[in-house]
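Notes follow the structure.
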Amino acid sequence: MKNQIIVLGASGHAKVCIELLRAMGEEISYCVGIEDSPDQCVDVPVLKGDENLALLRNKGYYRAFIAIGSNHLRLRLASVVTGQGYHLVNAISPQACVSPTVCLGLGVAIMAGAVINAETSIGDLAIINTGAVIDHDCQIGKAVHIAPQCALSGNVIIGDLSFLGIGCKVIPEIQIGDHVIIGAGGVVISNINSGATAVGVPAKVIRQ
């Protein structure tokens with residue numbers, strides 16, 4: 001078995017995730033991209049086409065990280081690679097501050113400067129981006145993306161596949177459903193139902 005990691009994706013987000021993994025002491029052998037991907041991603045060779053996943057698995061690679069920004073695509077690819085026998089790893093910056101009581105899922109990315117406080121739960125495939133702050137007792141669902149400089153107060157719940165744009169703020173005890181989009185800079189002061197798009201200060205639903 002080969003202990004090096006296979007990264008799915010070859011975009012700017014993949015570049016950041018590769019550097020996170022390297023900062024953890026991990027070695028990345030290949031990225032797997034699409035036909036118009038570059039030949040290299042921060043000097044990691046890029047193999048083009050998902051068929052390469054099975055070929056690499058047959059060669060003994062078994063650890064993977066999905067460096068795809070799209071929540072829905074990240075979740076779909078996770079099902080593909082785990083079905084092929086890959087184990088998802090986490091990419092956590094040494095410059096992030098993560099409480100020892102945080103419960104982390106698999107395939108999670110936590111970028112530099114992020115702070116995650118006591119007894120928060122982070123679901124599989126979540127992205128906690130650069131400088132985001134998540135306070136105590138929050139529940140972050142599967143394949144959620146918390147963009148850079150967001151701030152969540154205590155006891156906030158974010159449902160699966162939701163996206164909080166750059167600089168969002170959420171007051172304590174708020175519940176945000178599944179598949180929700182909060183626009184950049186939004187300030188959430190009331191619960192948001194699943195499937196909604198909300199923007200503004202305070203954030204108001206513009207599409208359900």
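Following the order of the structure tokens, first chain is A, next is B, and so on, with residues numbered from 1 inside each chain and ligands from 1 in the order they appear.
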Compile a residue-level contact table for segment 39-98 of chain A against segment 144-164 of chain A at a cut-off of 9 Å, reporting for every qualifying residue the shortest atom pair and its distance in Å to one decimal, with only C-alpha atoms counted, rows ordered by chain and ascending number, as JSON lines.
{"residue": "A:Gly69", "atom": "CA", "partner": "A:His145", "partner_atom": "CA", "distance": 8.0}
{"residue": "A:Ser70", "atom": "CA", "partner": "A:His145", "partner_atom": "CA", "distance": 8.6}
{"residue": "A:Asn71", "atom": "CA", "partner": "A:Leu161", "partner_atom": "CA", "distance": 5.7}
{"residue": "A:His72", "atom": "CA", "partner": "A:Leu161", "partner_atom": "CA", "distance": 6.8}
{"residue": "A:Leu75", "atom": "CA", "partner": "A:Leu161", "partner_atom": "CA", "distance": 8.5}
### Task
Mind listing the alpha helix (DSSP H) residues of segment 31-90 of chain A, per DSSP on the backbone, as an MDAnalysis selection string?
chainID A and resid 51:58 71:83
### Task
Give me the residues within 7 Å of segment 1-9 of chain A as a PyMOL selection string, counting only C-alpha atoms and dropping any in the same chain fewer than 3 places off.
chain A and resi 14+27-33+60-68
Mind writing the picked residues with N, CA and C atoms as a PDB file, in the first residue's frame?
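Full text of part_31.pdb as output:
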ATOM      1  N   ALA A  14      -7.511  23.571  -4.913  1.00  0.00           N
ATOM      2  CA  ALA A  14      -6.610  22.424  -4.763  1.00  0.00           C
ATOM      3  C   ALA A  14      -5.214  22.871  -4.356  1.00  0.00           C
ATOM      4  N   GLU A  27       2.669  13.713   1.875  1.00  0.00           N
ATOM      5  CA  GLU A  27       3.201  13.737   0.510  1.00  0.00           C
ATOM      6  C   GLU A  27       2.065  13.482  -0.469  1.00  0.00           C
ATOM      7  N   ILE A  28       1.996  14.287  -1.516  1.00  0.00           N
ATOM      8  CA  ILE A  28       0.965  14.143  -2.535  1.00  0.00           C
ATOM      9  C   ILE A  28       1.616  13.612  -3.801  1.00  0.00           C
ATOM     10  N   SER A  29       1.098  12.511  -4.319  1.00  0.00           N
ATOM     11  CA  SER A  29       1.680  11.922  -5.534  1.00  0.00           C
ATOM     12  C   SER A  29       1.089  12.508  -6.798  1.00  0.00           C
ATOM     13  N   TYR A  30      -0.242  12.608  -6.861  1.00  0.00           N
ATOM     14  CA  TYR A  30      -0.916  13.073  -8.068  1.00  0.00           C
ATOM     15  C   TYR A  30      -2.160  13.871  -7.706  1.00  0.00           C
ATOM     16  N   CYS A  31      -2.526  14.774  -8.617  1.00  0.00           N
ATOM     17  CA  CYS A  31      -3.877  15.322  -8.663  1.00  0.00           C
ATOM     18  C   CYS A  31      -4.623  14.619  -9.799  1.00  0.00           C
ATOM     19  N   VAL A  32      -5.912  14.471  -9.633  1.00  0.00           N
ATOM     20  CA  VAL A  32      -6.765  13.964 -10.704  1.00  0.00           C
ATOM     21  C   VAL A  32      -7.709  15.097 -11.096  1.00  0.00           C
ATOM     22  N   GLY A  33      -7.592  15.535 -12.351  1.00  0.00           N
ATOM     23  CA  GLY A  33      -8.385  16.653 -12.827  1.00  0.00           C
ATOM     24  C   GLY A  33      -9.219  16.288 -14.036  1.00  0.00           C
ATOM     25  N   GLY A  60      -2.098   0.673  -5.575  1.00  0.00           N
ATOM     26  CA  GLY A  60      -1.853   0.642  -4.143  1.00  0.00           C
ATOM     27  C   GLY A  60      -2.115   1.940  -3.406  1.00  0.00           C
ATOM     28  N   TYR A  61      -2.509   2.984  -4.121  1.00  0.00           N
ATOM     29  CA  TYR A  61      -2.876   4.226  -3.431  1.00  0.00           C
ATOM     30  C   TYR A  61      -4.246   4.046  -2.775  1.00  0.00           C
ATOM     31  N   TYR A  62      -4.374   4.516  -1.559  1.00  0.00           N
ATOM     32  CA  TYR A  62      -5.652   4.313  -0.860  1.00  0.00           C
ATOM     33  C   TYR A  62      -6.101   5.535  -0.062  1.00  0.00           C
ATOM     34  N   ARG A  63      -5.315   6.610  -0.058  1.00  0.00           N
ATOM     35  CA  ARG A  63      -5.671   7.824   0.684  1.00  0.00           C
ATOM     36  C   ARG A  63      -5.973   8.946  -0.307  1.00  0.00           C
ATOM     37  N   ALA A  64      -7.085   9.648  -0.071  1.00  0.00           N
ATOM     38  CA  ALA A  64      -7.510  10.676  -1.019  1.00  0.00           C
ATOM     39  C   ALA A  64      -8.043  11.891  -0.280  1.00  0.00           C
ATOM     40  N   PHE A  65      -7.907  13.036  -0.961  1.00  0.00           N
ATOM     41  CA  PHE A  65      -8.520  14.265  -0.472  1.00  0.00           C
ATOM     42  C   PHE A  65      -9.217  14.937  -1.643  1.00  0.00           C
ATOM     43  N   ILE A  66     -10.449  15.395  -1.421  1.00  0.00           N
ATOM     44  CA  ILE A  66     -11.237  15.989  -2.498  1.00  0.00           C
ATOM     45  C   ILE A  66     -11.160  17.508  -2.376  1.00  0.00           C
ATOM     46  N   ALA A  67     -10.386  18.112  -3.257  1.00  0.00           N
ATOM     47  CA  ALA A  67     -10.131  19.556  -3.222  1.00  0.00           C
ATOM     48  C   ALA A  67     -10.971  20.248  -4.292  1.00  0.00           C
ATOM     49  N   ILE A  68     -12.279  20.169  -4.120  1.00  0.00           N
ATOM     50  CA  ILE A  68     -13.247  20.725  -5.053  1.00  0.00           C
ATOM     51  C   ILE A  68     -14.119  21.713  -4.288  1.00  0.00           C
TER      52      ILE A  68
END
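Proximity ranking of A:Pro100, A:Gly167, A:Gly185, A:Gly200 relative to His136 of chain A places A:Pro100 first, based on only C-alpha atoms.
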### Message
Need to verify the contact set: Ile122 of chain A, 7 Å, only C-alpha atoms, exclusion of same-chain residues closer than 3 positions in sequence. Can you return it as a PyMOL selection string?
### Response
chain A and resi 103-105+126+139-141
Just-selected residues, C-alpha atoms written as a PDB file, in the first residue's frame:
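See part-v2.pdb below for the written result:
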ATOM      1  CA  CYS A 103     -15.607  16.437  16.490  1.00  0.00           C
ATOM      2  CA  LEU A 104     -14.267  16.301  12.930  1.00  0.00           C
ATOM      3  CA  GLY A 105     -15.653  14.276  10.059  1.00  0.00           C
ATOM      4  CA  ALA A 126     -16.818  20.580   5.110  1.00  0.00           C
ATOM      5  CA  GLN A 139     -23.090  21.909  14.304  1.00  0.00           C
ATOM      6  CA  ILE A 140     -21.747  22.189  10.765  1.00  0.00           C
ATOM      7  CA  GLY A 141     -23.310  19.714   8.339  1.00  0.00           C
TER       8      GLY A 141
END
### Task
Using DSSP on the backbone, list every residue of segment 11-182 of chain A that comes out as strand (DSSP E), and give them as a VMD selection string.
chain A and resid 28 to 33 40 to 41 44 to 48 61 to 66 87 to 88 91 to 92 97 to 98 103 to 104 109 to 110 115 to 116 121 to 122 127 to 128 133 to 134 139 to 140 145 to 146 151 to 152 157 to 158 163 to 164 169 to 170 175 to 176 181 to 182
Would you put the residues from that selection into a file with C-alpha atoms, as an mmCIF file, in the first residue's frame?
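This went into part16.cif:
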data_model
loop_
_atom_site.group_PDB
_atom_site.id
_atom_site.type_symbol
_atom_site.label_atom_id
_atom_site.label_comp_id
_atom_site.auth_asym_id
_atom_site.auth_seq_id
_atom_site.Cartn_x
_atom_site.Cartn_y
_atom_site.Cartn_z
ATOM 1 C CA ILE A 28 0.965 14.143 -2.535
ATOM 2 C CA SER A 29 1.680 11.922 -5.534
ATOM 3 C CA TYR A 30 -0.916 13.073 -8.068
ATOM 4 C CA CYS A 31 -3.877 15.322 -8.663
ATOM 5 C CA VAL A 32 -6.765 13.964 -10.704
ATOM 6 C CA GLY A 33 -8.385 16.653 -12.827
ATOM 7 C CA GLN A 40 0.721 20.501 -12.819
ATOM 8 C CA CYS A 41 -0.857 21.950 -9.697
ATOM 9 C CA VAL A 44 2.091 18.026 -8.404
ATOM 10 C CA PRO A 45 1.509 16.085 -11.663
ATOM 11 C CA VAL A 46 -2.112 16.194 -12.848
ATOM 12 C CA LEU A 47 -3.719 13.112 -14.362
ATOM 13 C CA LYS A 48 -6.721 14.000 -16.518
ATOM 14 C CA TYR A 61 -2.876 4.226 -3.431
ATOM 15 C CA TYR A 62 -5.652 4.313 -0.860
ATOM 16 C CA ARG A 63 -5.671 7.824 0.684
ATOM 17 C CA ALA A 64 -7.510 10.676 -1.019
ATOM 18 C CA PHE A 65 -8.520 14.265 -0.472
ATOM 19 C CA ILE A 66 -11.237 15.989 -2.498
ATOM 20 C CA HIS A 87 -9.957 6.540 2.669
ATOM 21 C CA LEU A 88 -10.665 10.269 2.939
ATOM 22 C CA ALA A 91 -6.350 18.833 5.479
ATOM 23 C CA ILE A 92 -5.902 21.041 8.546
ATOM 24 C CA CYS A 97 -6.829 26.800 16.136
ATOM 25 C CA VAL A 98 -9.067 23.764 16.636
ATOM 26 C CA CYS A 103 -15.607 16.437 16.490
ATOM 27 C CA LEU A 104 -14.267 16.301 12.930
ATOM 28 C CA ALA A 109 -10.460 21.240 5.000
ATOM 29 C CA ILE A 110 -9.586 23.795 7.688
ATOM 30 C CA VAL A 115 -10.719 29.107 14.832
ATOM 31 C CA ILE A 116 -13.103 26.342 15.917
ATOM 32 C CA SER A 121 -19.102 19.301 15.268
ATOM 33 C CA ILE A 122 -17.771 19.582 11.699
ATOM 34 C CA ILE A 127 -14.596 23.528 4.200
ATOM 35 C CA ILE A 128 -13.758 25.999 6.962
ATOM 36 C CA VAL A 133 -14.393 31.661 13.286
ATOM 37 C CA ILE A 134 -16.828 29.051 14.610
ATOM 38 C CA GLN A 139 -23.090 21.909 14.304
ATOM 39 C CA ILE A 140 -21.747 22.189 10.765
ATOM 40 C CA HIS A 145 -18.541 25.641 2.879
ATOM 41 C CA ILE A 146 -17.877 28.407 5.404
ATOM 42 C CA ALA A 151 -18.000 34.392 12.099
ATOM 43 C CA LEU A 152 -20.492 32.043 13.740
ATOM 44 C CA ILE A 157 -26.576 24.866 13.267
ATOM 45 C CA ILE A 158 -25.740 24.788 9.547
ATOM 46 C CA PHE A 163 -22.724 27.858 1.669
ATOM 47 C CA LEU A 164 -21.949 30.979 3.693
ATOM 48 C CA LYS A 169 -21.960 36.751 10.473
ATOM 49 C CA VAL A 170 -24.420 34.545 12.383
ATOM 50 C CA GLN A 175 -30.529 27.354 12.592
ATOM 51 C CA ILE A 176 -29.733 27.419 8.867
ATOM 52 C CA ILE A 181 -26.838 30.113 0.334
ATOM 53 C CA ILE A 182 -26.030 33.195 2.400
#
### Query
Excluding same-chain residues fewer than 2 positions from Thr130 of chain A, what lies within 6 Å of it counting only C-alpha atoms, as an MDAnalysis selection string?
chainID A and resid 111:114 132 148
Would you export the selected residues with C-alpha atoms as a JSON list (two decimals), in the first residue's frame, please?
[["chain", "number", "residue", "atom", "x", "y", "z"],
["A", 111, "MET", "CA", -7.57, 26.72, 6.37],
["A", 112, "ALA", "CA", -4.98, 28.96, 8.03],
["A", 113, "GLY", "CA", -6.29, 31.34, 10.66],
["A", 114, "ALA", "CA", -9.54, 29.46, 11.24],
["A", 132, "ALA", "CA", -13.31, 31.79, 9.64],
["A", 148, "PRO", "CA", -13.14, 33.25, 4.50]]
### Query
Expressed in Å to a single decimal, how great is the separation between atom CA of Gly165 of chain A and atom CA of Ser11 of chain A?
19.0 Å
